[in-house]
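What follows is the content of work15.cif, which has mmCIF, C-alpha atoms:
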```cif
data_target
loop_
_atom_site.label_atom_id
_atom_site.label_comp_id
_atom_site.auth_asym_id
_atom_site.auth_seq_id
_atom_site.Cartn_x
_atom_site.Cartn_y
_atom_site.Cartn_z
CA MET A 1 78.33 45.46 56.60
CA GLY A 2 74.97 46.86 55.62
CA GLN A 3 76.19 47.45 52.11
CA ARG A 4 77.40 43.87 51.83
CA LEU A 5 74.03 42.58 53.02
CA ILE A 6 72.24 44.69 50.48
CA CYS A 7 74.52 43.35 47.78
CA CYS A 8 73.83 39.81 48.84
CA LEU A 9 70.08 40.38 48.86
CA ASP A 10 70.23 41.99 45.43
CA ALA A 11 72.32 39.20 43.94
CA PRO A 12 69.41 36.90 42.89
CA SER A 13 67.66 39.68 41.07
CA ALA A 14 70.86 40.48 39.29
CA LEU A 15 71.22 36.82 38.22
CA GLN A 16 67.57 36.36 37.16
CA PRO A 17 67.70 37.62 33.57
CA PRO A 18 70.58 35.33 32.50
CA LEU A 19 68.72 32.28 33.93
CA LEU A 20 65.34 33.06 32.32
CA LEU A 21 66.76 33.95 28.92
CA PRO A 22 67.53 30.35 27.80
CA VAL A 23 64.09 29.18 28.99
CA ARG A 24 62.35 31.85 26.99
CA ARG A 25 64.40 31.01 23.94
CA LYS A 26 63.48 27.35 24.25
CA LEU A 27 59.79 28.16 24.61
CA LEU A 28 59.94 30.46 21.61
CA LEU A 29 61.73 27.78 19.58
CA LEU A 30 59.14 25.17 20.55
CA CYS A 31 56.31 27.51 19.53
CA ILE A 32 57.95 28.17 16.17
CA MET A 33 58.49 24.44 15.57
CA LEU A 34 54.88 23.67 16.49
CA PHE A 35 53.64 26.39 14.18
CA LEU A 36 55.82 25.13 11.32
CA TRP A 37 54.67 21.55 11.88
CA LEU A 38 51.01 22.54 11.79
CA TYR A 39 51.58 24.70 8.72
CA MET A 40 53.33 21.90 6.89
CA PHE A 41 50.64 19.38 7.83
CA TYR A 42 47.73 21.47 6.57
CA SER A 43 49.67 22.60 3.52
CA CYS A 44 50.38 18.98 2.55
CA ALA A 45 46.74 18.14 3.18
CA GLY A 46 45.78 20.89 0.78
CA SER A 47 43.31 22.43 3.17
CA CYS A 48 42.65 26.12 3.52
CA ALA A 49 39.93 25.73 6.11
CA SER A 50 40.33 26.42 9.80
CA VAL A 51 41.22 23.64 12.21
CA PRO A 52 37.71 23.37 13.75
CA GLY A 53 36.13 23.12 10.29
CA LEU A 54 38.47 20.34 9.26
CA ALA A 55 37.76 18.38 12.39
CA ALA A 56 34.02 18.84 12.18
CA ARG A 57 33.36 17.80 8.58
CA PRO A 58 34.04 14.05 8.82
CA ALA A 59 32.27 13.78 12.16
CA ALA A 60 29.18 15.59 10.90
CA GLY A 61 29.06 13.52 7.73
CA SER A 62 29.46 10.26 9.63
CA LEU A 63 26.65 11.19 12.03
CA GLN A 64 24.32 12.03 9.14
CA VAL A 65 25.01 8.71 7.40
CA LEU A 66 24.57 6.80 10.68
CA SER A 67 21.32 8.56 11.44
CA LYS A 68 19.95 7.63 7.99
CA LEU A 69 20.86 3.99 8.55
CA LEU A 70 19.24 3.97 11.98
CA ARG A 71 16.06 5.61 10.67
CA ARG A 72 15.70 2.77 8.16
CA ALA A 73 16.12 0.16 10.88
CA PRO A 74 12.83 -1.63 11.69
CA SER A 75 14.24 -2.75 15.06
CA GLY A 76 17.76 -3.19 16.38
CA GLY A 77 21.06 -1.89 15.05
CA ALA A 78 21.97 -5.05 13.12
CA LYS A 79 18.66 -5.06 11.26
CA GLY A 80 19.12 -1.40 10.44
CA LEU A 81 22.45 -2.02 8.80
CA ALA A 82 21.06 -4.97 6.88
CA GLY A 83 18.12 -2.85 5.77
CA SER A 84 20.48 -0.39 4.10
CA ALA A 85 20.92 -2.89 1.26
CA ALA A 86 17.41 -1.99 0.12
CA ALA A 87 18.26 1.71 -0.17
CA SER A 88 17.21 3.40 -3.39
CA PRO A 89 19.80 4.99 -5.70
CA SER A 90 18.64 8.48 -4.64
CA GLU A 91 19.12 7.61 -0.96
CA LEU A 92 22.59 6.27 -1.72
CA ARG A 93 23.48 9.50 -3.50
CA GLU A 94 22.28 11.47 -0.45
CA GLU A 95 24.52 9.35 1.78
CA GLN A 96 27.45 9.95 -0.56
CA SER A 97 26.91 13.72 -0.33
CA ALA A 98 26.63 13.55 3.46
CA ALA A 99 29.76 11.45 3.81
CA PRO A 100 33.23 12.99 4.12
CA ASP A 101 34.25 14.96 1.07
CA PRO A 102 36.20 12.50 -1.15
CA THR A 103 38.08 15.39 -2.73
CA SER A 104 39.62 16.44 0.58
CA PRO A 105 43.11 14.96 0.93
CA ILE A 106 42.59 14.53 4.67
CA SER A 107 39.30 12.66 4.11
CA SER A 108 40.92 10.53 1.41
CA PHE A 109 43.73 9.66 3.80
CA PHE A 110 41.40 8.48 6.55
CA ASN A 111 38.76 6.67 4.43
CA GLY A 112 41.14 4.78 2.13
CA SER A 113 41.49 7.13 -0.85
CA GLY A 114 38.05 8.04 -2.11
CA THR A 115 34.54 6.67 -1.85
CA LYS A 116 32.57 3.89 -3.51
CA LYS A 117 29.97 5.12 -5.97
CA LEU A 118 27.43 3.60 -8.31
CA PRO A 119 28.87 3.40 -11.85
CA GLN A 120 28.53 6.38 -14.17
CA ALA A 121 29.34 4.25 -17.24
CA ILE A 122 28.63 0.60 -18.06
CA ILE A 123 29.82 -1.68 -20.87
CA ILE A 124 26.54 -3.50 -21.50
CA GLY A 125 27.53 -5.78 -24.39
CA VAL A 126 27.99 -7.80 -26.35
CA LYS A 127 29.23 -11.24 -25.41
CA LYS A 128 32.29 -12.26 -27.50
CA GLY A 129 32.41 -8.79 -28.98
CA GLY A 130 35.60 -7.59 -27.30
CA THR A 131 34.28 -6.24 -24.00
CA ARG A 132 37.11 -7.67 -21.90
CA ALA A 133 39.74 -6.14 -24.17
CA LEU A 134 38.01 -2.75 -24.03
CA LEU A 135 37.79 -2.79 -20.24
CA GLU A 136 41.45 -3.78 -19.83
CA PHE A 137 42.51 -1.02 -22.22
CA LEU A 138 40.36 1.59 -20.44
CA ARG A 139 41.78 0.71 -17.03
CA VAL A 140 45.09 2.20 -18.14
CA HIS A 141 43.45 5.64 -17.94
CA PRO A 142 44.09 7.28 -14.54
CA ASP A 143 40.57 8.72 -14.42
CA ILE A 144 38.82 5.36 -14.88
CA ARG A 145 38.29 2.90 -12.04
CA ALA A 146 36.57 -0.35 -12.99
CA VAL A 147 35.48 -3.62 -11.42
CA GLY A 148 37.47 -6.57 -12.74
CA ALA A 149 34.83 -9.29 -12.44
CA GLU A 150 31.39 -9.01 -14.06
CA PRO A 151 28.86 -8.03 -11.32
CA HIS A 152 25.78 -9.30 -13.24
CA PHE A 153 23.73 -6.99 -11.03
CA PHE A 154 21.04 -5.92 -13.48
CA ASP A 155 20.36 -9.45 -14.75
CA ARG A 156 21.10 -11.95 -11.94
CA ASN A 157 21.65 -10.09 -8.66
CA TYR A 158 19.19 -7.21 -8.78
CA GLU A 159 17.40 -8.41 -5.64
CA GLN A 160 20.62 -7.81 -3.68
CA GLY A 161 19.95 -4.07 -3.78
CA PHE A 162 21.92 -1.01 -4.82
CA ALA A 163 23.96 -0.84 -1.60
CA TRP A 164 25.29 -4.34 -2.36
CA TYR A 165 26.06 -3.26 -5.92
CA ARG A 166 27.84 -0.09 -4.83
CA ASP A 167 29.98 -2.05 -2.40
CA LEU A 168 31.41 -4.02 -5.35
CA MET A 169 32.75 -0.82 -6.90
CA PRO A 170 36.32 0.45 -6.44
CA ARG A 171 36.95 3.66 -4.54
CA THR A 172 37.17 6.78 -6.70
CA LEU A 173 38.28 10.37 -6.24
CA ASP A 174 36.66 13.49 -7.64
CA GLY A 175 36.92 13.51 -11.44
CA GLN A 176 37.31 9.73 -11.74
CA ILE A 177 34.68 7.56 -13.43
CA THR A 178 33.40 4.31 -11.93
CA MET A 179 32.77 1.59 -14.53
CA GLU A 180 31.73 -2.02 -14.82
CA LYS A 181 31.09 -4.41 -17.68
CA THR A 182 28.55 -7.22 -17.99
CA PRO A 183 27.89 -8.15 -21.66
CA SER A 184 24.67 -10.01 -20.94
CA TYR A 185 22.90 -6.75 -20.00
CA PHE A 186 22.41 -5.93 -23.69
CA VAL A 187 20.14 -8.94 -24.22
CA THR A 188 18.41 -8.79 -20.82
CA LYS A 189 14.89 -7.39 -21.20
CA GLU A 190 14.75 -5.86 -17.70
CA ALA A 191 18.22 -4.28 -17.76
CA PRO A 192 17.37 -0.95 -19.49
CA ALA A 193 14.60 -0.06 -17.02
CA ARG A 194 16.73 -1.10 -14.05
CA ILE A 195 19.77 0.94 -15.12
CA SER A 196 17.51 3.90 -15.86
CA ALA A 197 16.08 3.57 -12.35
CA MET A 198 19.62 3.82 -10.98
CA SER A 199 20.47 6.88 -13.07
CA LYS A 200 18.99 8.16 -16.31
CA GLY A 201 22.34 9.79 -17.04
CA THR A 202 24.34 6.54 -17.10
CA LYS A 203 26.57 6.32 -20.17
CA LEU A 204 26.31 3.01 -22.01
CA ILE A 205 28.93 1.34 -24.20
CA VAL A 206 28.23 -1.56 -26.58
CA VAL A 207 31.04 -3.41 -28.35
CA VAL A 208 29.59 -5.00 -31.48
CA ARG A 209 31.12 -7.44 -33.93
CA ASP A 210 30.13 -9.18 -37.14
CA PRO A 211 27.23 -11.32 -35.85
CA VAL A 212 28.32 -14.38 -37.86
CA THR A 213 31.87 -14.29 -36.51
CA ARG A 214 30.50 -13.52 -33.05
CA ALA A 215 28.20 -16.59 -33.17
CA ILE A 216 31.10 -18.86 -34.17
CA SER A 217 33.24 -17.39 -31.37
CA ASP A 218 30.41 -17.96 -28.91
CA TYR A 219 30.14 -21.59 -30.03
CA THR A 220 33.91 -22.02 -29.77
CA GLN A 221 33.86 -20.89 -26.15
CA THR A 222 31.05 -23.33 -25.30
CA LEU A 223 32.85 -26.12 -27.16
CA SER A 224 35.96 -25.61 -25.03
CA LYS A 225 33.87 -26.23 -21.91
CA LYS A 226 31.57 -28.91 -23.32
CA PRO A 227 33.36 -30.92 -26.05
CA ASP A 228 30.37 -33.22 -26.54
CA ILE A 229 27.90 -30.56 -27.74
CA PRO A 230 26.37 -30.90 -31.25
CA THR A 231 28.06 -29.32 -34.25
CA PHE A 232 27.66 -25.63 -35.02
CA GLU A 233 25.77 -26.49 -38.21
CA SER A 234 23.18 -28.66 -36.41
CA LEU A 235 22.56 -25.98 -33.75
CA THR A 236 22.18 -23.19 -36.31
CA PHE A 237 19.16 -24.63 -38.15
CA LYS A 238 15.74 -25.69 -37.02
CA ASN A 239 15.53 -27.48 -40.34
CA ARG A 240 18.70 -27.85 -42.42
CA THR A 241 16.73 -28.80 -45.52
CA THR A 242 14.59 -25.64 -45.54
CA GLY A 243 17.43 -23.49 -44.18
CA LEU A 244 15.28 -22.16 -41.31
CA ILE A 245 17.54 -20.52 -38.71
CA ASP A 246 16.97 -21.36 -35.05
CA THR A 247 16.74 -17.90 -33.45
CA SER A 248 16.10 -19.44 -30.04
CA TRP A 249 19.77 -20.50 -29.86
CA SER A 250 21.51 -17.78 -27.85
CA ALA A 251 24.57 -17.74 -30.13
CA ILE A 252 22.28 -16.66 -32.99
CA GLN A 253 19.85 -14.55 -30.97
CA ILE A 254 22.49 -12.24 -29.45
CA GLY A 255 23.61 -11.09 -32.92
CA ILE A 256 20.20 -9.60 -33.79
CA TYR A 257 21.46 -6.26 -32.50
CA ALA A 258 18.63 -4.11 -33.86
CA LYS A 259 16.03 -6.07 -31.91
CA HIS A 260 17.85 -5.63 -28.60
CA LEU A 261 18.64 -1.97 -29.25
CA GLU A 262 14.95 -1.16 -29.65
CA ASN A 263 14.43 -2.14 -26.02
CA TRP A 264 17.23 0.16 -24.84
CA LEU A 265 15.95 3.13 -26.82
CA LEU A 266 12.75 3.03 -24.78
CA TYR A 267 14.78 4.25 -21.81
CA PHE A 268 17.92 5.93 -23.19
CA PRO A 269 18.50 8.34 -26.10
CA ILE A 270 20.77 7.07 -28.87
CA GLY A 271 23.31 9.78 -28.05
CA GLN A 272 23.83 8.24 -24.63
CA ILE A 273 24.97 4.93 -26.11
CA LEU A 274 28.37 4.51 -27.75
CA PHE A 275 28.83 1.66 -30.23
CA VAL A 276 32.41 0.40 -30.44
CA SER A 277 33.54 -1.70 -33.40
CA GLY A 278 35.01 -4.99 -32.23
CA GLU A 279 36.91 -5.27 -35.52
CA ARG A 280 38.47 -1.81 -35.23
CA LEU A 281 39.30 -2.48 -31.59
CA ILE A 282 41.75 -5.02 -33.07
CA SER A 283 42.93 -3.13 -36.16
CA ASP A 284 43.05 0.34 -34.58
CA PRO A 285 42.76 0.12 -30.77
CA ALA A 286 43.98 3.67 -30.15
CA GLY A 287 41.41 5.08 -32.57
CA GLU A 288 38.50 3.30 -30.92
CA LEU A 289 39.81 4.14 -27.45
CA GLY A 290 39.97 7.77 -28.52
CA ARG A 291 36.24 7.69 -29.31
CA VAL A 292 35.50 6.08 -25.96
CA GLN A 293 37.54 8.65 -24.05
CA ASP A 294 35.73 11.47 -25.87
CA PHE A 295 32.37 9.88 -25.09
CA LEU A 296 33.25 9.68 -21.39
CA GLY A 297 34.44 13.29 -21.36
CA LEU A 298 38.04 12.33 -20.57
CA LYS A 299 41.34 13.58 -21.90
CA ARG A 300 42.82 11.36 -24.61
CA ILE A 301 45.59 9.74 -22.61
CA ILE A 302 45.45 6.21 -24.11
CA THR A 303 47.18 6.40 -27.49
CA ASP A 304 49.20 4.29 -29.94
CA LYS A 305 52.16 4.27 -27.58
CA HIS A 306 50.23 2.01 -25.19
CA PHE A 307 49.83 -0.90 -27.63
CA TYR A 308 51.80 -3.49 -29.55
CA PHE A 309 50.44 -6.19 -31.85
CA ASN A 310 50.85 -9.79 -30.72
CA LYS A 311 51.12 -11.95 -33.84
CA THR A 312 50.56 -15.17 -31.88
CA LYS A 313 47.31 -13.93 -30.34
CA GLY A 314 46.29 -12.01 -33.41
CA PHE A 315 45.25 -8.88 -31.53
CA PRO A 316 46.82 -5.90 -29.75
CA CYS A 317 48.23 -6.09 -26.23
CA LEU A 318 49.18 -3.46 -23.70
CA LYS A 319 52.83 -2.47 -23.32
CA LYS A 320 52.12 -1.70 -19.68
CA ALA A 321 49.00 -2.90 -17.88
CA GLU A 322 47.30 -1.07 -15.02
CA GLY A 323 49.54 -1.11 -11.95
CA SER A 324 52.35 -2.93 -13.77
CA SER A 325 55.44 -2.11 -15.77
CA LYS A 326 55.25 -5.33 -17.81
CA PRO A 327 53.46 -6.04 -21.12
CA HIS A 328 50.03 -7.59 -20.78
CA CYS A 329 47.88 -9.66 -23.15
CA LEU A 330 44.47 -11.14 -22.46
CA GLY A 331 44.40 -14.69 -21.11
CA LYS A 332 44.55 -17.91 -23.07
CA THR A 333 40.74 -18.08 -23.17
CA LYS A 334 40.83 -15.11 -25.56
CA GLY A 335 41.77 -15.51 -29.21
CA ARG A 336 40.86 -19.20 -29.50
CA THR A 337 41.15 -20.79 -32.94
CA HIS A 338 37.68 -21.18 -34.44
CA PRO A 339 36.55 -24.54 -35.80
CA SER A 340 36.05 -24.87 -39.54
CA ILE A 341 32.43 -24.13 -40.44
CA ASP A 342 30.67 -25.19 -43.66
CA ARG A 343 30.78 -22.25 -46.10
CA GLU A 344 27.14 -22.74 -47.06
CA VAL A 345 26.14 -22.38 -43.41
CA VAL A 346 28.17 -19.19 -43.07
CA GLN A 347 26.60 -17.80 -46.24
CA ARG A 348 23.09 -18.65 -45.05
CA LEU A 349 23.79 -16.87 -41.76
CA ARG A 350 25.02 -13.78 -43.60
CA GLU A 351 21.77 -13.71 -45.57
CA PHE A 352 19.80 -14.11 -42.36
CA TYR A 353 21.57 -11.27 -40.53
CA ARG A 354 21.72 -8.82 -43.48
CA PRO A 355 18.32 -7.11 -42.95
CA PHE A 356 18.92 -6.87 -39.21
CA ASN A 357 22.37 -5.38 -39.83
CA MET A 358 20.92 -2.80 -42.23
CA LYS A 359 18.38 -1.75 -39.63
CA PHE A 360 21.09 -1.57 -36.98
CA TYR A 361 23.19 0.68 -39.23
CA GLN A 362 20.22 3.01 -39.66
CA MET A 363 19.44 3.10 -35.94
CA THR A 364 23.01 3.89 -34.94
CA GLY A 365 23.91 6.05 -37.95
CA HIS A 366 27.01 3.93 -38.44
CA ASP A 367 27.88 1.36 -41.11
CA PHE A 368 30.03 -1.35 -39.53
CA GLY A 369 30.76 -3.00 -42.90
CA TRP A 370 29.68 -6.54 -42.08
CA ASP A 371 27.90 -7.06 -45.42
#
```
Starting from the file, lay out its structure as structure tokens.
Amino acid sequence: MGQRLICCLDAPSALQPPLLLPVRRKLLLLCIMLFLWLYMFYSCAGSCASVPGLAARPAAGSLQVLSKLLRRAPSGGAKGLAGSAAASPSELREEQSAAPDPTSPISSFFNGSGTKKLPQAIIIGVKKGGTRALLEFLRVHPDIRAVGAEPHFFDRNYEQGFAWYRDLMPRTLDGQITMEKTPSYFVTKEAPARISAMSKGTKLIVVVRDPVTRAISDYTQTLSKKPDIPTFESLTFKNRTTGLIDTSWSAIQIGIYAKHLENWLLYFPIGQILFVSGERLISDPAGELGRVQDFLGLKRIITDKHFYFNKTKGFPCLKKAEGSSKPHCLGKTKGRTHPSIDREVVQRLREFYRPFNMKFYQMTGHDFGWD
């Protein structure tokens, strides 16, 4: 009897290992799965840092940015945020460095793929030179992110502040270049000093074109909007009899490239400005785009294979536009048929522009062959 009792009392202990074994296996399996999940998550995120470091970086950066905004606030949180629009470019760069690292995949995931930055390169001119075509071609490059519309910040909206300007920019990742184009900057007296104040290292691109052809194209655009304007010939001359050219007319004034360039060279070295031929942008788009990519320090990705010539338009189009698998040509407002202009007027304009063209060739070290 005593032996049976002992056996009964010992029975649970004898059964214990088989009962606990499945539980331990399940716990071990759960731990392994959790470990694998964490490993896969951080491997996909591309992070080699520890978990606390990863968690702390965005929080610390956000607090630093917030503290800067609050310090600028004269009174009240709303006023502080509004006051950030008056931040200087250097303050904005400090905020960018304090913000979450845009190169971190985790940061990119949470902040919407990259950060907004002030542009490192700007197409500053010229109107009717081919700036829209150049920008559309450049946007094919994966390392270029550009604003579609013209911001007109340095000529019309400068009082809005650099924070407002930066907010217009697309988000970029490390290694990508932020760009914008506003052709009127080239002829705006204040623009060079203002861009220099933003960053002395800004790279500038100017698309230039035969000034006579450019003036006619400019007039054609205005004519399409205002059919009742005077003829090209009557607007060109102050006095048709004496042949005195009216340089106050913007269509004529813009084409005096040498005069406008002198203003830019007060703030930027000539090597920091790239001059793109509007004519070669049509005849050899890949060649001109190659020069631009070199100037921006980018790999030559845009080549001949990206273009086809549209005989109807009379200029090259993209086989595949940015974010699309379909061919893309510029809109119907581009490539308008020019009105017929009196040959004597054209000849007089060529004589007028010749000395300015020669000076421009000397300043840039490049003969564009307009004469």
Quick one: residues within 10 Å of A:Trp370, only C-alpha atoms counted, chain neighbours fewer than 4 positions away excluded, as a JSON list (two decimals) with C-alpha atoms, in the frame of the given file?
```json
[["chain", "number", "residue", "atom", "x", "y", "z"],
["A", 209, "ARG", "CA", 31.12, -7.44, -33.93],
["A", 210, "ASP", "CA", 30.13, -9.18, -37.14],
["A", 211, "PRO", "CA", 27.23, -11.32, -35.85],
["A", 212, "VAL", "CA", 28.32, -14.38, -37.86],
["A", 213, "THR", "CA", 31.87, -14.29, -36.51],
["A", 279, "GLU", "CA", 36.91, -5.27, -35.52],
["A", 350, "ARG", "CA", 25.02, -13.78, -43.60],
["A", 353, "TYR", "CA", 21.57, -11.27, -40.53],
["A", 354, "ARG", "CA", 21.72, -8.82, -43.48],
["A", 357, "ASN", "CA", 22.37, -5.38, -39.83],
["A", 358, "MET", "CA", 20.92, -2.80, -42.23]]
```
Could you name the residues that touch stretch 147-160 of chain A at 9 Å or less, counting only C-alpha atoms, but leaving out those on the same chain fewer than 4 positions away, as an MDAnalysis selection string?
chainID A and resid 85:86 135:136 164:165 168:170 178:185 188:192 194:195
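Among the candidates A:Gly290, A:Gly175, A:Pro355, A:Pro22, the one nearest to A:Leu138 when counting only C-alpha atoms is A:Gly290.
Reported to one decimal place, the separation of atom CA of A:Leu274 from atom CA of A:His141 is 18.0 Å.
Atom CA of A:Gly278 to atom CA of A:Ala146 spans 19.9 Å [interatomic distance, one decimal].
What separates atom CA of A:Ile177 from atom CA of A:Ile144 is a distance of 4.9 Å.
Among the candidate residues A:Leu265, A:Leu235, A:Leu281, A:Leu204, the one lying nearest to A:Gly129 is A:Leu281, with distances computed using only C-alpha atoms.
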Identify all residues satisfying the PyMOL selection byres ((chain A and resi 272) around 8) in the given file; provide them as a list in words.
Gly201, Thr202, Lys203, Leu204, Phe268, Pro269, Ile270, Gly271, Ile273 and Leu274 of chain A
Write out as a list in words the residues lying within 8 Å of A:Gly243, counting only C-alpha atoms and excluding same-chain residues fewer than 5 positions away.
Phe237, Lys238 and Arg348 of chain A
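When all atoms listed in the file are used to compute distances to A:Phe352, the closest of the residues A:Phe275, A:Asp246, A:Lys305, A:Pro285 turns out to be A:Asp246.
If you measure from each of A:Val140, A:Leu38, A:Val276, A:Leu30 to A:His328 using all atoms listed in the file, the closest one turns out to be A:Val140.
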For A:Glu288: contacts at 12 Å, all atoms listed in the file, fewer than 2 positions along chain excluded, given as a VMD selection string:
chain A and resid 130 133 to 134 137 to 138 205 207 274 to 286 290 to 295 300 302 to 304
